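**Q** Here it is: the structure, laid out below.
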Amino acid sequence: MLAINGGKPIIKDRNEAKFNWPVVDKEVEDAVLKQLHKTTSIYDRSGIIKEFKDDFKNYHDVEFGLLTNSGTNALYSIFVGADLKEGDEVICPVYTFFATISPIFFTGATPVLCEAQADGNIDPKKIEELITPKTKAVMITHMWGIPCDMDKLVGICKKYDLKLFEDCSHAHGATYKGKLLGTFGDAAAWSLQGPKIITGGEGGIMLTKDRDIYYRALLLGH
């Protein structure tokens with residue numbers, strides 16, 4: 001019987017039950033100290049910034065990667081890179097972290113909220129009801145690491161010639177039918193904040209196959 005239901009508890013000291021993430025061991029401490037003695041501010045594509053960026057984009061087999069100071073800024077880089085402007089609309093999930101949507105406002109575009117399914121992900125069946133001549137893109141979040149229905153979402157975006165953006169902040173390394181999330185759409189963003197699967201304490205990264213999105217993001221959104 002579970003302890004919560006009156007069974008005998010296995011762990012008597014609550015402190016023993018705590019799990020801290022990320023795991024900070026001697027190897028991590030040594031790596032941080034080594035970097036501190038090299039540099040803590042990198043302005044060009046070099047050093048640990050270059051290594052991580054290249055490893056991450058190569059892992060996803062995507063040509064362009066942009067490392068940022070936060071997942072929020074990685075998302076903002078997508079919207080700026082996609083040249084969203086006043087009068088444009090982006091269909092977004094009603095259930096997500098606010099940063100998936102809030103950077104859209106800085107471009108002048110308008111987020112249009114779409115209903116979620118029982119698993120928390122955007123409902124593809126509701127998207128087509130929201131498409132207007134002003135719709136430029138669909139923004140999705142793979143909530144809690146559960147992949148969205150990418151077959152349907154990719155099909156809808158192709159049918160209506162819309163950009164598809166993925167917020168993969170919960171889904172580092174997750175796949176849909178054997179293909180990595182973040183590689184289905186025109187651009188994707190990951191948070192590297194403290195409790196994320198891959199963490200830098202703070203940070204974010206944007207990946208895209210689109211040269212124009214990358215260079216606009218590099219110049220205007222970084």
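Following the order of the structure tokens, chains are lettered A, B, ..., residues in each are numbered from 1, and ligands are numbered from 1.
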Would you mind listing what lies within 9 Å of segment 203-216 of chain A as a PyMOL selection string, with only C-alpha atoms counted and same-chain residues fewer than 5 positions away left out?
**A** chain A and resi 53+56-57+60+62-75+77-83+169+182-183+185-194+221
**Q** Report as a count of residues only: the residues of segment 14-65 of chain A with a DSSP assignment of alpha helix (DSSP H), based on the backbone of this structure.
**A** 26
**Q** Give the strand (DSSP E or B) residues of segment 35-134 of chain A, as DSSP finds them on the backbone, and put them as a ChimeraX atom specification.
**A** /A:64-68,89-93,110-114,116,122
**Q** Give me the residues within 12 Å of Met143 of chain A as a ChimeraX atom specification, counting only C-alpha atoms and dropping any in the same chain fewer than 2 places off.
**A** /A:93-97,100,116-122,140-141,145-149,166-172,174,181
**Q** Excluding Gly87 of chain A and any residue of its chain fewer than 3 positions from it, enumerate the residues within 10 Å of it, using only C-alpha atoms, and give them as a PyMOL selection string.
**A** chain A and resi 84+107-110+134-136
**Q** Residues near Thr132 of chain A, anyone? I mean within 10 Å using only C-alpha atoms, not counting same-chain ones fewer than 5 positions away, as an NGL selection string.
**A** :A and (88-89 or 160)
**Q** Within 12 Å of segment 22-25 of chain A, counting only C-alpha atoms, which residues show up once you throw out same-chain ones fewer than 5 positions away? Write them as a count of residues only, please.
**A** 13
**Q** Please compute the atom CA of Pro133 of chain A-atom CA of Glu115 of chain A distance, one decimal, in Å.
**A**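 That distance, rounded to one decimal, is 20.0 Å.
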**Q** Which of these, A:Cys157, A:Asn5, A:Lys179, A:Leu219, has the shortest distance to Asp61 of chain A once you count only C-alpha atoms?
**A**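 When distances to Asp61 of chain A are compared using only C-alpha atoms, the smallest one comes from A:Lys179.
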**Q** What is the distance between atom CA of Tyr76 of chain A and atom CA of Thr175 of chain A, in Å to one decimal?
**A**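 Computed distance, atom CA of Tyr76 of chain A to atom CA of Thr175 of chain A, equals 23.9 Å.
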**Q** Grab the atom CA of His37 of chain A to atom CA of Tyr59 of chain A distance for me, in Å with one decimal place.
**A**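 The value is 28.3 Å.
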**Q** For Met150 of chain A, which residue among A:Phe52, A:Phe165, A:Phe105, A:Tyr176 is the nearest when counting only C-alpha atoms?
**A**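 Closest to Met150 of chain A of all the choices is A:Tyr176.
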